[in-house]
Every structure is written in structure tokens, then in C-alpha cells.
$ cat start.cif   # mmCIF, C-alpha atoms
data_final
#
loop_
_atom_site.group_PDB
_atom_site.id
_atom_site.type_symbol
_atom_site.label_atom_id
_atom_site.label_comp_id
_atom_site.auth_asym_id
_atom_site.auth_seq_id
_atom_site.Cartn_x
_atom_site.Cartn_y
_atom_site.Cartn_z
ATOM 1 C CA MET A 1 31.993 -17.260 -1.568
ATOM 2 C CA TYR A 2 29.774 -17.168 1.475
ATOM 3 C CA LYS A 3 28.671 -20.778 1.950
ATOM 4 C CA LYS A 4 27.145 -20.793 5.409
ATOM 5 C CA PHE A 5 23.430 -21.585 5.520
ATOM 6 C CA LYS A 6 21.346 -18.481 6.161
ATOM 7 C CA ARG A 7 17.849 -17.125 5.697
ATOM 8 C CA PHE A 8 17.520 -13.892 3.837
ATOM 9 C CA GLY A 9 14.474 -12.098 5.305
ATOM 10 C CA MET A 10 12.872 -9.577 2.971
ATOM 11 C CA ALA A 11 12.183 -6.350 4.888
ATOM 12 C CA ALA A 12 8.689 -4.962 5.374
ATOM 13 C CA ALA A 13 9.313 -2.331 2.736
ATOM 14 C CA ALA A 14 9.427 -5.043 0.053
ATOM 15 C CA LEU A 15 6.730 -4.467 -2.508
ATOM 16 C CA LEU A 16 5.131 -7.893 -2.373
ATOM 17 C CA VAL A 17 5.837 -9.783 0.846
ATOM 18 C CA THR A 18 8.128 -10.347 3.798
ATOM 19 C CA ALA A 19 9.635 -13.819 3.488
ATOM 20 C CA PRO A 20 12.714 -15.899 4.378
ATOM 21 C CA LEU A 21 15.122 -16.613 1.551
ATOM 22 C CA LEU A 22 17.975 -19.086 1.264
ATOM 23 C CA ALA A 23 21.223 -17.421 0.167
ATOM 24 C CA ASP A 24 23.393 -20.527 -0.088
ATOM 25 C CA GLN A 25 21.431 -21.481 -3.180
ATOM 26 C CA ALA A 26 19.499 -19.628 -5.862
ATOM 27 C CA LEU A 27 16.623 -17.650 -4.413
ATOM 28 C CA LYS A 28 13.372 -19.491 -5.050
ATOM 29 C CA VAL A 29 10.142 -17.780 -6.061
ATOM 30 C CA GLU A 30 8.147 -20.337 -4.096
ATOM 31 C CA GLU A 31 9.790 -19.026 -0.895
ATOM 32 C CA ILE A 32 8.468 -15.533 -1.617
ATOM 33 C CA LEU A 33 4.950 -16.594 -2.565
ATOM 34 C CA SER A 34 2.691 -18.580 -0.279
ATOM 35 C CA LYS A 35 2.851 -22.274 -1.000
ATOM 36 C CA LYS A 36 -0.240 -24.040 -2.294
ATOM 37 C CA ASN A 37 -3.023 -24.139 0.345
ATOM 38 C CA SER A 38 -0.905 -22.217 2.890
ATOM 39 C CA LEU A 39 -1.436 -18.863 4.627
ATOM 40 C CA LYS A 40 0.813 -15.903 5.448
ATOM 41 C CA ALA A 41 -0.024 -12.854 7.533
ATOM 42 C CA ASP A 42 1.789 -9.507 7.832
ATOM 43 C CA LEU A 43 0.974 -7.039 10.612
ATOM 44 C CA SER A 44 2.611 -3.621 10.289
ATOM 45 C CA PHE A 45 2.765 -0.470 12.429
ATOM 46 C CA ALA A 46 4.246 2.635 10.800
ATOM 47 C CA TYR A 47 4.967 6.108 12.169
ATOM 48 C CA SER A 48 5.216 8.882 9.581
ATOM 49 C CA ASN A 49 6.070 12.545 10.165
ATOM 50 C CA ILE A 50 5.102 15.046 7.463
ATOM 51 C CA ASP A 51 6.676 18.464 7.834
ATOM 52 C CA GLN A 52 5.428 21.246 5.586
ATOM 53 C CA SER A 53 6.315 24.953 5.568
ATOM 54 C CA THR A 54 4.528 26.350 2.547
ATOM 55 C CA GLY A 55 1.493 28.313 1.586
ATOM 56 C CA THR A 56 0.140 25.643 -0.742
ATOM 57 C CA THR A 57 -1.943 22.506 -0.364
ATOM 58 C CA SER A 58 -0.258 19.111 -0.567
ATOM 59 C CA VAL A 59 -1.544 15.560 -0.965
ATOM 60 C CA VAL A 60 1.114 13.231 0.448
ATOM 61 C CA PRO A 61 1.277 9.556 -0.622
ATOM 62 C CA VAL A 62 2.175 7.360 2.389
ATOM 63 C CA ARG A 63 3.254 3.838 1.587
ATOM 64 C CA THR A 64 1.607 0.942 3.425
ATOM 65 C CA LEU A 65 2.290 -2.768 2.872
ATOM 66 C CA TYR A 66 0.268 -2.652 -0.363
ATOM 67 C CA SER A 67 0.293 0.522 -2.504
ATOM 68 C CA TYR A 68 -0.333 4.002 -1.037
ATOM 69 C CA VAL A 69 -2.725 5.952 1.148
ATOM 70 C CA TYR A 70 -3.152 9.629 0.199
ATOM 71 C CA VAL A 71 -2.947 12.099 3.113
ATOM 72 C CA PRO A 72 -4.331 15.607 2.435
ATOM 73 C CA VAL A 73 -2.313 18.435 4.011
ATOM 74 C CA TYR A 74 -4.213 21.704 3.672
ATOM 75 C CA ALA A 75 -1.843 24.526 4.479
ATOM 76 C CA GLY A 76 -3.244 27.852 3.301
ATOM 77 C CA ASP A 77 -1.213 30.453 5.208
ATOM 78 C CA ARG A 78 -0.318 27.882 7.891
ATOM 79 C CA VAL A 79 2.790 25.952 8.805
ATOM 80 C CA ILE A 80 1.684 22.372 9.370
ATOM 81 C CA ASP A 81 3.348 19.333 10.890
ATOM 82 C CA GLN A 82 1.600 15.957 11.004
ATOM 83 C CA ASP A 83 2.354 12.786 12.958
ATOM 84 C CA LEU A 84 0.588 9.693 11.647
ATOM 85 C CA LEU A 85 0.367 6.097 12.834
ATOM 86 C CA PHE A 86 -0.655 3.537 10.224
ATOM 87 C CA TYR A 87 -1.910 0.035 11.013
ATOM 88 C CA SER A 88 -1.847 -2.530 8.199
ATOM 89 C CA LEU A 89 -2.885 -6.175 8.008
ATOM 90 C CA ASN A 90 -2.306 -8.477 5.019
ATOM 91 C CA VAL A 91 -3.474 -12.062 4.691
ATOM 92 C CA LYS A 92 -2.125 -14.096 1.758
ATOM 93 C CA TYR A 93 -3.190 -17.500 0.465
ATOM 94 C CA GLY A 94 -1.430 -19.748 -2.031
ATOM 95 C CA VAL A 95 -4.010 -20.934 -4.558
ATOM 96 C CA ILE A 96 -1.517 -22.905 -6.623
ATOM 97 C CA ASP A 97 2.257 -22.862 -6.834
ATOM 98 C CA GLY A 98 3.165 -19.482 -8.290
ATOM 99 C CA LEU A 99 -0.186 -17.771 -7.646
ATOM 100 C CA GLU A 100 -1.053 -15.973 -4.423
ATOM 101 C CA LEU A 101 -4.205 -14.092 -3.405
ATOM 102 C CA VAL A 102 -4.089 -11.261 -0.875
ATOM 103 C CA ALA A 103 -6.599 -9.346 1.245
ATOM 104 C CA PHE A 104 -5.502 -6.195 3.075
ATOM 105 C CA ALA A 105 -6.821 -3.433 5.320
ATOM 106 C CA ASP A 106 -5.345 -0.146 6.619
ATOM 107 C CA ALA A 107 -6.271 2.373 9.304
ATOM 108 C CA HIS A 108 -4.546 5.401 10.836
ATOM 109 C CA SER A 109 -4.327 7.863 13.708
ATOM 110 C CA ALA A 110 -3.187 11.432 13.043
ATOM 111 C CA THR A 111 -2.142 14.475 15.068
ATOM 112 C CA SER A 112 -1.803 17.794 13.222
ATOM 113 C CA ARG A 113 -0.174 20.991 14.492
ATOM 114 C CA MET A 114 -0.888 24.308 12.779
ATOM 115 C CA GLN A 115 0.474 27.797 13.232
ATOM 116 C CA TYR A 116 -1.347 31.045 12.444
ATOM 117 C CA GLY A 117 1.279 33.704 13.063
ATOM 118 C CA SER A 118 2.173 33.253 16.748
ATOM 119 C CA GLN A 119 -0.880 31.094 17.544
ATOM 120 C CA LEU A 120 -0.459 27.298 17.699
ATOM 121 C CA THR A 121 -3.346 24.836 17.418
ATOM 122 C CA SER A 122 -3.572 21.043 17.162
ATOM 123 C CA SER A 123 -6.118 18.375 16.302
ATOM 124 C CA SER A 124 -6.285 14.555 16.421
ATOM 125 C CA GLU A 125 -8.352 11.919 14.649
ATOM 126 C CA SER A 126 -8.391 8.183 13.925
ATOM 127 C CA ASP A 127 -10.147 6.372 11.102
ATOM 128 C CA PHE A 128 -10.316 3.413 8.762
ATOM 129 C CA ASP A 129 -8.531 4.018 5.428
ATOM 130 C CA ARG A 130 -9.271 1.174 3.034
ATOM 131 C CA ALA A 131 -9.621 -2.551 2.427
ATOM 132 C CA GLY A 132 -8.819 -4.382 -0.766
ATOM 133 C CA ILE A 133 -7.891 -7.541 -2.609
ATOM 134 C CA GLY A 134 -5.167 -8.531 -5.051
ATOM 135 C CA LEU A 135 -2.955 -11.251 -6.447
ATOM 136 C CA THR A 136 0.698 -11.979 -7.206
ATOM 137 C CA TYR A 137 1.801 -14.257 -10.053
ATOM 138 C CA LYS A 138 5.176 -15.805 -10.834
ATOM 139 C CA ILE A 139 6.233 -15.303 -14.448
ATOM 140 C CA LYS A 140 9.699 -16.861 -14.156
ATOM 141 C CA ASP A 141 12.141 -18.293 -11.628
ATOM 142 C CA GLU A 142 15.636 -16.994 -11.144
ATOM 143 C CA GLY A 143 18.221 -18.647 -13.373
ATOM 144 C CA ALA A 144 20.772 -17.205 -15.734
ATOM 145 C CA ALA A 145 18.416 -14.201 -15.853
ATOM 146 C CA PRO A 146 16.630 -12.501 -12.926
ATOM 147 C CA SER A 147 13.302 -13.736 -11.601
ATOM 148 C CA LEU A 148 10.079 -11.867 -12.315
ATOM 149 C CA LEU A 149 6.828 -11.578 -10.351
ATOM 150 C CA VAL A 150 3.868 -9.343 -11.189
ATOM 151 C CA GLY A 151 0.811 -8.398 -9.198
ATOM 152 C CA ALA A 152 -2.247 -6.172 -8.992
ATOM 153 C CA THR A 153 -4.467 -4.842 -6.224
ATOM 154 C CA ALA A 154 -7.764 -2.950 -6.025
ATOM 155 C CA ASN A 155 -9.244 -0.918 -3.194
ATOM 156 C CA VAL A 156 -12.639 -2.509 -2.603
ATOM 157 C CA VAL A 157 -13.656 0.226 -0.158
ATOM 158 C CA SER A 158 -11.853 3.476 0.729
ATOM 159 C CA ARG A 159 -12.809 6.197 3.192
ATOM 160 C CA VAL A 160 -12.463 9.534 1.425
ATOM 161 C CA GLN A 161 -12.459 12.976 3.019
ATOM 162 C CA TYR A 162 -14.088 15.572 0.802
ATOM 163 C CA ALA A 163 -13.216 19.185 1.438
ATOM 164 C CA SER A 164 -14.199 22.568 0.083
ATOM 165 C CA ILE A 165 -11.228 24.880 -0.338
ATOM 166 C CA GLU A 166 -11.404 28.659 -0.732
ATOM 167 C CA ASP A 167 -8.223 30.697 -1.069
ATOM 168 C CA GLY A 168 -6.198 27.746 0.197
ATOM 169 C CA ASN A 169 -8.339 27.264 3.332
ATOM 170 C CA VAL A 170 -10.641 24.370 4.222
ATOM 171 C CA THR A 171 -14.209 25.524 4.812
ATOM 172 C CA GLY A 172 -15.673 22.098 5.581
ATOM 173 C CA THR A 173 -15.130 18.332 5.316
ATOM 174 C CA ASP A 174 -17.266 15.230 4.857
ATOM 175 C CA LYS A 175 -16.127 11.584 4.900
ATOM 176 C CA ARG A 176 -17.686 8.953 2.655
ATOM 177 C CA ASP A 177 -16.866 5.376 1.629
ATOM 178 C CA GLU A 178 -16.053 4.852 -2.048
ATOM 179 C CA ASN A 179 -15.797 1.531 -3.890
ATOM 180 C CA PHE A 180 -13.064 0.499 -6.333
ATOM 181 C CA ASP A 181 -11.586 3.997 -6.548
ATOM 182 C CA SER A 182 -7.897 3.014 -6.874
ATOM 183 C CA TYR A 183 -5.854 0.264 -8.552
ATOM 184 C CA ASN A 184 -2.196 -0.716 -8.354
ATOM 185 C CA ILE A 185 -0.010 -2.868 -10.598
ATOM 186 C CA HIS A 186 3.487 -3.852 -9.505
ATOM 187 C CA LEU A 187 6.434 -6.038 -10.359
ATOM 188 C CA LEU A 188 9.406 -7.460 -8.496
ATOM 189 C CA SER A 189 12.606 -8.875 -9.934
ATOM 190 C CA TYR A 190 15.668 -10.172 -8.099
ATOM 191 C CA TYR A 191 19.036 -11.668 -8.900
ATOM 192 C CA THR A 192 21.451 -13.344 -6.469
ATOM 193 C CA VAL A 193 25.194 -12.734 -6.385
ATOM 194 C CA ASP A 194 26.010 -14.621 -3.199
ATOM 195 C CA PRO A 195 25.830 -13.231 -0.479
ATOM 196 C CA LEU A 196 23.941 -10.279 -1.984
ATOM 197 C CA VAL A 197 20.493 -10.181 -3.529
ATOM 198 C CA PHE A 198 19.758 -7.316 -5.937
ATOM 199 C CA VAL A 199 16.074 -6.398 -6.021
ATOM 200 C CA PHE A 200 14.184 -4.157 -8.436
ATOM 201 C CA LYS A 201 10.634 -3.061 -7.641
ATOM 202 C CA ALA A 202 8.235 -0.890 -9.597
ATOM 203 C CA SER A 203 4.577 0.023 -9.220
ATOM 204 C CA TYR A 204 1.950 2.245 -10.801
ATOM 205 C CA GLN A 205 -1.049 3.452 -8.815
ATOM 206 C CA TRP A 206 -4.087 4.659 -10.752
ATOM 207 C CA SER A 207 -6.734 6.661 -8.892
ATOM 208 C CA LEU A 208 -10.177 7.436 -10.270
ATOM 209 C CA GLU A 209 -11.924 10.769 -9.860
ATOM 210 C CA LYS A 210 -14.454 10.772 -7.007
ATOM 211 C CA SER A 211 -17.307 13.174 -6.366
ATOM 212 C CA TYR A 212 -19.828 13.996 -3.643
ATOM 213 C CA GLU A 213 -22.401 16.764 -3.963
ATOM 214 C CA GLN A 214 -20.437 19.716 -5.395
ATOM 215 C CA SER A 215 -16.994 18.411 -4.367
ATOM 216 C CA THR A 216 -14.637 16.304 -6.498
ATOM 217 C CA ILE A 217 -11.288 14.653 -5.752
ATOM 218 C CA ASP A 218 -8.821 13.414 -8.337
ATOM 219 C CA ASN A 219 -5.542 12.161 -6.831
ATOM 220 C CA GLY A 220 -2.656 12.081 -9.289
ATOM 221 C CA ASP A 221 -1.379 8.747 -10.563
ATOM 222 C CA LEU A 222 1.874 7.615 -8.962
ATOM 223 C CA LEU A 223 4.836 5.763 -10.499
ATOM 224 C CA THR A 224 7.383 4.298 -8.078
ATOM 225 C CA VAL A 225 10.758 2.683 -8.853
ATOM 226 C CA SER A 226 12.961 1.188 -6.112
ATOM 227 C CA PRO A 227 16.303 -0.612 -6.628
ATOM 228 C CA GLU A 228 17.485 -2.310 -3.422
ATOM 229 C CA VAL A 229 20.308 -4.513 -2.139
ATOM 230 C CA TYR A 230 19.903 -7.171 0.587
ATOM 231 C CA PHE A 231 22.757 -8.626 2.649
ATOM 232 C CA ALA A 232 22.732 -11.482 5.207
ATOM 233 C CA VAL A 233 24.699 -10.538 8.336
ATOM 234 C CA ASN A 234 24.207 -13.984 9.907
ATOM 235 C CA PRO A 235 21.722 -16.876 9.568
ATOM 236 C CA TYR A 236 18.985 -14.838 11.300
ATOM 237 C CA THR A 237 19.704 -11.148 10.661
ATOM 238 C CA ASN A 238 19.572 -9.311 7.328
ATOM 239 C CA LEU A 239 20.126 -5.745 6.177
ATOM 240 C CA TYR A 240 18.860 -3.856 3.148
ATOM 241 C CA TRP A 241 19.222 -0.408 1.651
ATOM 242 C CA GLY A 242 17.725 1.194 -1.415
ATOM 243 C CA ILE A 243 16.720 4.285 -3.388
ATOM 244 C CA ASN A 244 13.096 5.370 -3.867
ATOM 245 C CA TYR A 245 12.024 7.365 -6.909
ATOM 246 C CA GLN A 246 8.457 8.605 -7.344
ATOM 247 C CA TYR A 247 6.817 10.536 -10.150
ATOM 248 C CA LYS A 248 3.437 11.882 -9.129
ATOM 249 C CA LEU A 249 0.933 13.624 -11.383
ATOM 250 C CA GLU A 250 -0.955 16.683 -10.168
ATOM 251 C CA ASP A 251 -3.778 16.365 -7.629
ATOM 252 C CA LYS A 252 -7.057 18.129 -8.309
ATOM 253 C CA ARG A 253 -9.780 19.336 -5.977
ATOM 254 C CA ASN A 254 -13.051 20.588 -7.419
ATOM 255 C CA GLY A 255 -11.497 20.597 -10.871
ATOM 256 C CA GLU A 256 -8.531 22.767 -9.902
ATOM 257 C CA ALA A 257 -4.945 21.581 -9.491
ATOM 258 C CA VAL A 258 -3.743 21.866 -5.880
ATOM 259 C CA THR A 259 -0.313 20.305 -6.485
ATOM 260 C CA ASN A 260 2.086 20.179 -9.405
ATOM 261 C CA ALA A 261 3.369 17.050 -11.095
ATOM 262 C CA GLU A 262 6.806 16.359 -9.630
ATOM 263 C CA SER A 263 9.595 13.849 -9.075
ATOM 264 C CA ILE A 264 10.361 12.789 -5.494
ATOM 265 C CA LEU A 265 13.631 11.125 -4.540
ATOM 266 C CA GLY A 266 14.295 9.337 -1.272
ATOM 267 C CA PHE A 267 16.082 6.454 0.374
ATOM 268 C CA SER A 268 15.292 3.557 2.688
ATOM 269 C CA PHE A 269 17.144 1.056 4.839
ATOM 270 C CA GLY A 270 16.250 -1.572 7.397
ATOM 271 C CA LEU A 271 16.834 -4.964 8.932
ATOM 272 C CA SER A 272 14.899 -8.155 9.519
ATOM 273 C CA TYR A 273 15.330 -10.823 12.187
ATOM 274 C CA GLU A 274 13.957 -14.351 12.246
ATOM 275 C CA VAL A 275 12.578 -14.623 15.774
ATOM 276 C CA VAL A 276 11.602 -18.283 15.380
ATOM 277 C CA ARG A 277 11.190 -20.393 12.271
ATOM 278 C CA ASN A 278 8.554 -18.877 9.947
ATOM 279 C CA SER A 279 8.277 -15.736 12.136
ATOM 280 C CA ILE A 280 10.136 -12.623 10.988
ATOM 281 C CA LEU A 281 10.353 -9.156 12.554
ATOM 282 C CA SER A 282 11.387 -6.242 10.281
ATOM 283 C CA VAL A 283 12.266 -2.621 11.025
ATOM 284 C CA ASP A 284 12.533 0.005 8.248
ATOM 285 C CA TYR A 285 13.170 3.711 7.768
ATOM 286 C CA THR A 286 12.187 5.708 4.669
ATOM 287 C CA ARG A 287 12.874 9.358 3.854
ATOM 288 C CA ASN A 288 11.284 11.306 0.975
ATOM 289 C CA ASP A 289 11.897 14.968 0.141
ATOM 290 C CA ALA A 290 9.399 16.748 -2.109
ATOM 291 C CA SER A 291 9.147 20.388 -3.113
ATOM 292 C CA THR A 292 6.429 21.151 -0.531
ATOM 293 C CA TYR A 293 7.093 18.674 2.299
ATOM 294 C CA GLN A 294 9.561 16.318 3.952
ATOM 295 C CA GLN A 295 8.393 12.863 5.027
ATOM 296 C CA SER A 296 10.095 10.417 7.395
ATOM 297 C CA THR A 297 8.567 6.991 8.066
ATOM 298 C CA PHE A 298 9.548 4.264 10.548
ATOM 299 C CA SER A 299 7.800 0.896 10.225
ATOM 300 C CA LEU A 300 7.697 -2.304 12.267
ATOM 301 C CA THR A 301 6.349 -5.458 10.593
ATOM 302 C CA PHE A 302 5.718 -8.934 11.951
ATOM 303 C CA SER A 303 5.301 -11.714 9.377
ATOM 304 C CA GLN A 304 4.049 -15.217 10.133
ATOM 305 C CA ARG A 305 3.802 -18.206 7.805
ATOM 306 C CA PHE A 306 1.241 -20.866 8.733
#
$ encode --input "start.cif" --output "C-alpha cells"
Amino acid sequence: MYKKFKRFGMAAAALLVTAPLLADQALKVEEILSKKNSLKADLSFAYSNIDQSTGTTSVVPVRTLYSYVYVPVYAGDRVIDQDLLFYSLNVKYGVIDGLELVAFADAHSATSRMQYGSQLTSSSESDFDRAGIGLTYKIKDEGAAPSLLVGATANVVSRVQYASIEDGNVTGTDKRDENFDSYNIHLLSYYTVDPLVFVFKASYQWSLEKSYEQSTIDNGDLLTVSPEVYFAVNPYTNLYWGINYQYKLEDKRNGEAVTNAESILGFSFGLSYEVVRNSILSVDYTRNDASTYQQSTFSLTFSQRF
């Protein structure tokens, strides 16, 4: 049995938070949630490459620290490759022991490369994505049975790009801010078998239909299930690996389906390092392969407890 004292840092890909854990004793829920009247902050930078070689339109869900941002990839007769940088900030506050409030915001920069036969073109843009609020609540501590935490978030404001599509081609776009257009519920459960921690995460994202003038957008709901295993290499460095399963319903534009409902399987792995006490740096890689695109994401997250 591994008895040496160590901190088990949850990687940035964790569904709820990045936090130090103690593996020489049962993992405590209060070490995942913010303590009463205390603050935590997570700052994340993620690079995602979306590679698509198809004649159809795709709407790609890109995971940020809380839930997903939907990236439209309009292909038509093009071959498209997108590089995206996502910037995420979370601030969490412990209201009481076992209850945490969160506020979050996301933005991105994107570079797209398109090919029409032998002609190559590219475009770049940066924009705000969304800001929202949520909470996480402890249902039970870990004991003879695994722990259980549940949470919910809502996008208070989201920037939405409306587009008119004819024969698979975009004829125009218009960006508008929408309020409370998407909601996410999630759960996290873990169980310790020293020196391993087995983690199960699940979430369901529900998106409402949005409309502007003659254009409507209805992003498909998204179910995500992720079993993961965490291992402490030493008192300051931790590794994790896991499997990501997504089931996404069809996306609709102007009342017509532009994607099919499908299952997406991927994997993730990463490490976290406690730079100084209460300050953790995490690096993660995630790969997802869908029927119309391949997505690779690298993320760097800095977490600070105050």
C-alpha cells in the first residue's frame, strides 16, 4: 500500500474543478469543493484543431472548463481545417460546506483554411463566446460506496452566429447575443483504491432553439460519459487517463438537419503539478473522432485557491 503523503491534483479536464486531493486517506469532497467563504479561480488556454474532409456541414462541440461551445464548420464542397484557441476563466465561491457557486466566461480565436479545387483561402477571427453561472452540490462523501457530486450551469449570455445556407454554402452571417439559450447538468463520482482514484463523470447539455429574422439555430443536445483513472507519481505530480463517449443529437439550421445524430468516441490523458501550495498547473490532451471530422485539443490550466 502506498503510504507516502501526496496530493492528487485533478487535471483540467475534470468536469467540476481542478483541486488537490490527499491519497494517503479517503478522498474528501470538501477538498474538491471550495470551502465556506473561500474562493478558487481556474484560468485555461486550449488549442483545438478540427480537420474535416467532407461535403457536409458540421457543428463541432468543443469542451471548455464548463460544458461545451458549439463551433460551426460549413464545408459545402470545401475541405476545411480549423485551428482554435479558447480562453476560459472560472471563479468559484463556497457558500456553505458542500455547496459551491461558479461564474464562468469563454472566448476564442479561430483560423480557418478552405480549399476550392486547387485554390486555398484562409480567414481569422476572435470573439467572446459566452458567460454563465452555476452551482455544485455534495450529495454524499466517499465511504464504503463512492462519493457523489451534482451540478448545473446556465449560459446567461451567448454570442451566436446566424448563417443562411444554400446548397451547403454560407451566403451570409450575423452575430447576436442570446440569453439563457443553453443549460448543463453534470455529476461526478469517485472511489479511492490507494494509490489510484477511479472517477466517473457524466453531463447532459440542453440547447434551446434560437431565431433571428428568417434564420433559426437548434444545436443538438449532447450526452457525455467519461470514466477516468488518476495516479500519483510523487507528492507533486499526478497522471490521469480516460475514455470519452459522446452521443449528440442532430443539429438543425433553418428547420433542416445539417448533421446526423451520432456517437463519438475518444480518449484523454494528462498530468498536473503543484507549483506551490494551493497552485496547480495541469496539461491535457483530448482526441475525438466523429464521422465528419477529427478533433485534437491540448489544454493548459492554472488553478489557484485563495
$ closest_residue --input "start.cif" --among "A:Ser215, A:Ser109, A:Asn155, A:Ser118" --to "Asp174 in chain A" --atoms "only C-alpha atoms"
A:Ser215
$ closest_residue --input "start.cif" --among "A:Ala41, A:Leu89, A:Ala110, A:Val225" --to "Phe306 in chain A" --atoms "all atoms listed in the file"
A:Ala41
$ resolve_selection --input "start.cif" --expression "the PyMOL selection byres ((chain A and resi 267-272) around 12)" --output "PDB file with C-alpha atoms, keeping the file's coordinate frame"
ATOM      1  CA  ARG A   7      17.849 -17.125   5.697  1.00  0.00           C
ATOM      2  CA  PHE A   8      17.520 -13.892   3.837  1.00  0.00           C
ATOM      3  CA  GLY A   9      14.474 -12.098   5.305  1.00  0.00           C
ATOM      4  CA  MET A  10      12.872  -9.577   2.971  1.00  0.00           C
ATOM      5  CA  ALA A  11      12.183  -6.350   4.888  1.00  0.00           C
ATOM      6  CA  ALA A  12       8.689  -4.962   5.374  1.00  0.00           C
ATOM      7  CA  ALA A  13       9.313  -2.331   2.736  1.00  0.00           C
ATOM      8  CA  ALA A  14       9.427  -5.043   0.053  1.00  0.00           C
ATOM      9  CA  THR A  18       8.128 -10.347   3.798  1.00  0.00           C
ATOM     10  CA  ALA A  19       9.635 -13.819   3.488  1.00  0.00           C
ATOM     11  CA  PRO A  20      12.714 -15.899   4.378  1.00  0.00           C
ATOM     12  CA  LEU A  21      15.122 -16.613   1.551  1.00  0.00           C
ATOM     13  CA  VAL A 225      10.758   2.683  -8.853  1.00  0.00           C
ATOM     14  CA  SER A 226      12.961   1.188  -6.112  1.00  0.00           C
ATOM     15  CA  PRO A 227      16.303  -0.612  -6.628  1.00  0.00           C
ATOM     16  CA  GLU A 228      17.485  -2.310  -3.422  1.00  0.00           C
ATOM     17  CA  VAL A 229      20.308  -4.513  -2.139  1.00  0.00           C
ATOM     18  CA  TYR A 230      19.903  -7.171   0.587  1.00  0.00           C
ATOM     19  CA  PHE A 231      22.757  -8.626   2.649  1.00  0.00           C
ATOM     20  CA  ALA A 232      22.732 -11.482   5.207  1.00  0.00           C
ATOM     21  CA  VAL A 233      24.699 -10.538   8.336  1.00  0.00           C
ATOM     22  CA  ASN A 234      24.207 -13.984   9.907  1.00  0.00           C
ATOM     23  CA  PRO A 235      21.722 -16.876   9.568  1.00  0.00           C
ATOM     24  CA  TYR A 236      18.985 -14.838  11.300  1.00  0.00           C
ATOM     25  CA  THR A 237      19.704 -11.148  10.661  1.00  0.00           C
ATOM     26  CA  ASN A 238      19.572  -9.311   7.328  1.00  0.00           C
ATOM     27  CA  LEU A 239      20.126  -5.745   6.177  1.00  0.00           C
ATOM     28  CA  TYR A 240      18.860  -3.856   3.148  1.00  0.00           C
ATOM     29  CA  TRP A 241      19.222  -0.408   1.651  1.00  0.00           C
ATOM     30  CA  GLY A 242      17.725   1.194  -1.415  1.00  0.00           C
ATOM     31  CA  ILE A 243      16.720   4.285  -3.388  1.00  0.00           C
ATOM     32  CA  ASN A 244      13.096   5.370  -3.867  1.00  0.00           C
ATOM     33  CA  TYR A 245      12.024   7.365  -6.909  1.00  0.00           C
ATOM     34  CA  GLN A 246       8.457   8.605  -7.344  1.00  0.00           C
ATOM     35  CA  ILE A 264      10.361  12.789  -5.494  1.00  0.00           C
ATOM     36  CA  LEU A 265      13.631  11.125  -4.540  1.00  0.00           C
ATOM     37  CA  GLY A 266      14.295   9.337  -1.272  1.00  0.00           C
ATOM     38  CA  TYR A 273      15.330 -10.823  12.187  1.00  0.00           C
ATOM     39  CA  GLU A 274      13.957 -14.351  12.246  1.00  0.00           C
ATOM     40  CA  VAL A 275      12.578 -14.623  15.774  1.00  0.00           C
ATOM     41  CA  SER A 279       8.277 -15.736  12.136  1.00  0.00           C
ATOM     42  CA  ILE A 280      10.136 -12.623  10.988  1.00  0.00           C
ATOM     43  CA  LEU A 281      10.353  -9.156  12.554  1.00  0.00           C
ATOM     44  CA  SER A 282      11.387  -6.242  10.281  1.00  0.00           C
ATOM     45  CA  VAL A 283      12.266  -2.621  11.025  1.00  0.00           C
ATOM     46  CA  ASP A 284      12.533   0.005   8.248  1.00  0.00           C
ATOM     47  CA  TYR A 285      13.170   3.711   7.768  1.00  0.00           C
ATOM     48  CA  THR A 286      12.187   5.708   4.669  1.00  0.00           C
ATOM     49  CA  ARG A 287      12.874   9.358   3.854  1.00  0.00           C
ATOM     50  CA  ASN A 288      11.284  11.306   0.975  1.00  0.00           C
ATOM     51  CA  ASP A 289      11.897  14.968   0.141  1.00  0.00           C
ATOM     52  CA  GLN A 295       8.393  12.863   5.027  1.00  0.00           C
ATOM     53  CA  SER A 296      10.095  10.417   7.395  1.00  0.00           C
ATOM     54  CA  THR A 297       8.567   6.991   8.066  1.00  0.00           C
ATOM     55  CA  PHE A 298       9.548   4.264  10.548  1.00  0.00           C
ATOM     56  CA  SER A 299       7.800   0.896  10.225  1.00  0.00           C
ATOM     57  CA  LEU A 300       7.697  -2.304  12.267  1.00  0.00           C
ATOM     58  CA  THR A 301       6.349  -5.458  10.593  1.00  0.00           C
ATOM     59  CA  PHE A 302       5.718  -8.934  11.951  1.00  0.00           C
ATOM     60  CA  SER A 303       5.301 -11.714   9.377  1.00  0.00           C
TER      61      SER A 303
END
$ resolve_selection --input "start.cif" --expression "the PyMOL selection byres ((chain A and resi 176-178) around 12)" --output "VMD selection string"
chain A and resid 127 to 132 155 to 163 173 to 175 179 to 182 207 to 213 215 217
$ atom_distance --input "start.cif" --atom1 "CA of Asp83 in chain A" --atom2 "CA of Ser112 in chain A"
6.5 Å
$ atom_distance --input "start.cif" --atom1 "CA of Leu249 in chain A" --atom2 "CA of Asp218 in chain A"
10.2 Å
$ resolve_selection --input "start.cif" --expression "the PyMOL selection byres ((chain A and resi 254) around 8)" --output "PDB file with C-alpha atoms, in the frame of the given file"
ATOM      1  CA  SER A 164     -14.199  22.568   0.083  1.00  0.00           C
ATOM      2  CA  GLN A 214     -20.437  19.716  -5.395  1.00  0.00           C
ATOM      3  CA  SER A 215     -16.994  18.411  -4.367  1.00  0.00           C
ATOM      4  CA  THR A 216     -14.637  16.304  -6.498  1.00  0.00           C
ATOM      5  CA  ILE A 217     -11.288  14.653  -5.752  1.00  0.00           C
ATOM      6  CA  LYS A 252      -7.057  18.129  -8.309  1.00  0.00           C
ATOM      7  CA  ARG A 253      -9.780  19.336  -5.977  1.00  0.00           C
ATOM      8  CA  GLY A 255     -11.497  20.597 -10.871  1.00  0.00           C
ATOM      9  CA  GLU A 256      -8.531  22.767  -9.902  1.00  0.00           C
TER      10      GLU A 256
END
$ residues_near_point --input "start.cif" --point "(0.1, -8.4, -11.4)" --cutoff "8 Å" --atoms "only C-alpha atoms" --output "MDAnalysis selection string"
chainID A and resid 135:137 149:153 185:187
$ atom_distance --input "start.cif" --atom1 "CA of Gln82 in chain A" --atom2 "CA of Asp51 in chain A"
6.5 Å
$ build_atoms --input "start.cif" --residues "range 38-42 of chain A" --atoms "N, CA and C atoms" --output "CSV table (one decimal), keeping the file's coordinate frame"
chain,number,residue,atom,x,y,z
A,38,SER,N,-1.5,-22.7,1.6
A,38,SER,CA,-0.9,-22.2,2.9
A,38,SER,C,-1.2,-20.7,3.0
A,39,LEU,N,-1.1,-20.2,4.3
A,39,LEU,CA,-1.4,-18.9,4.6
A,39,LEU,C,-0.2,-18.1,5.1
A,40,LYS,N,-0.2,-16.8,4.9
A,40,LYS,CA,0.8,-15.9,5.4
A,40,LYS,C,0.1,-14.7,6.0
A,41,ALA,N,0.6,-14.1,7.0
A,41,ALA,CA,0.0,-12.9,7.5
A,41,ALA,C,1.1,-11.9,7.9
A,42,ASP,N,0.9,-10.6,7.5
A,42,ASP,CA,1.8,-9.5,7.8
A,42,ASP,C,1.0,-8.5,8.6
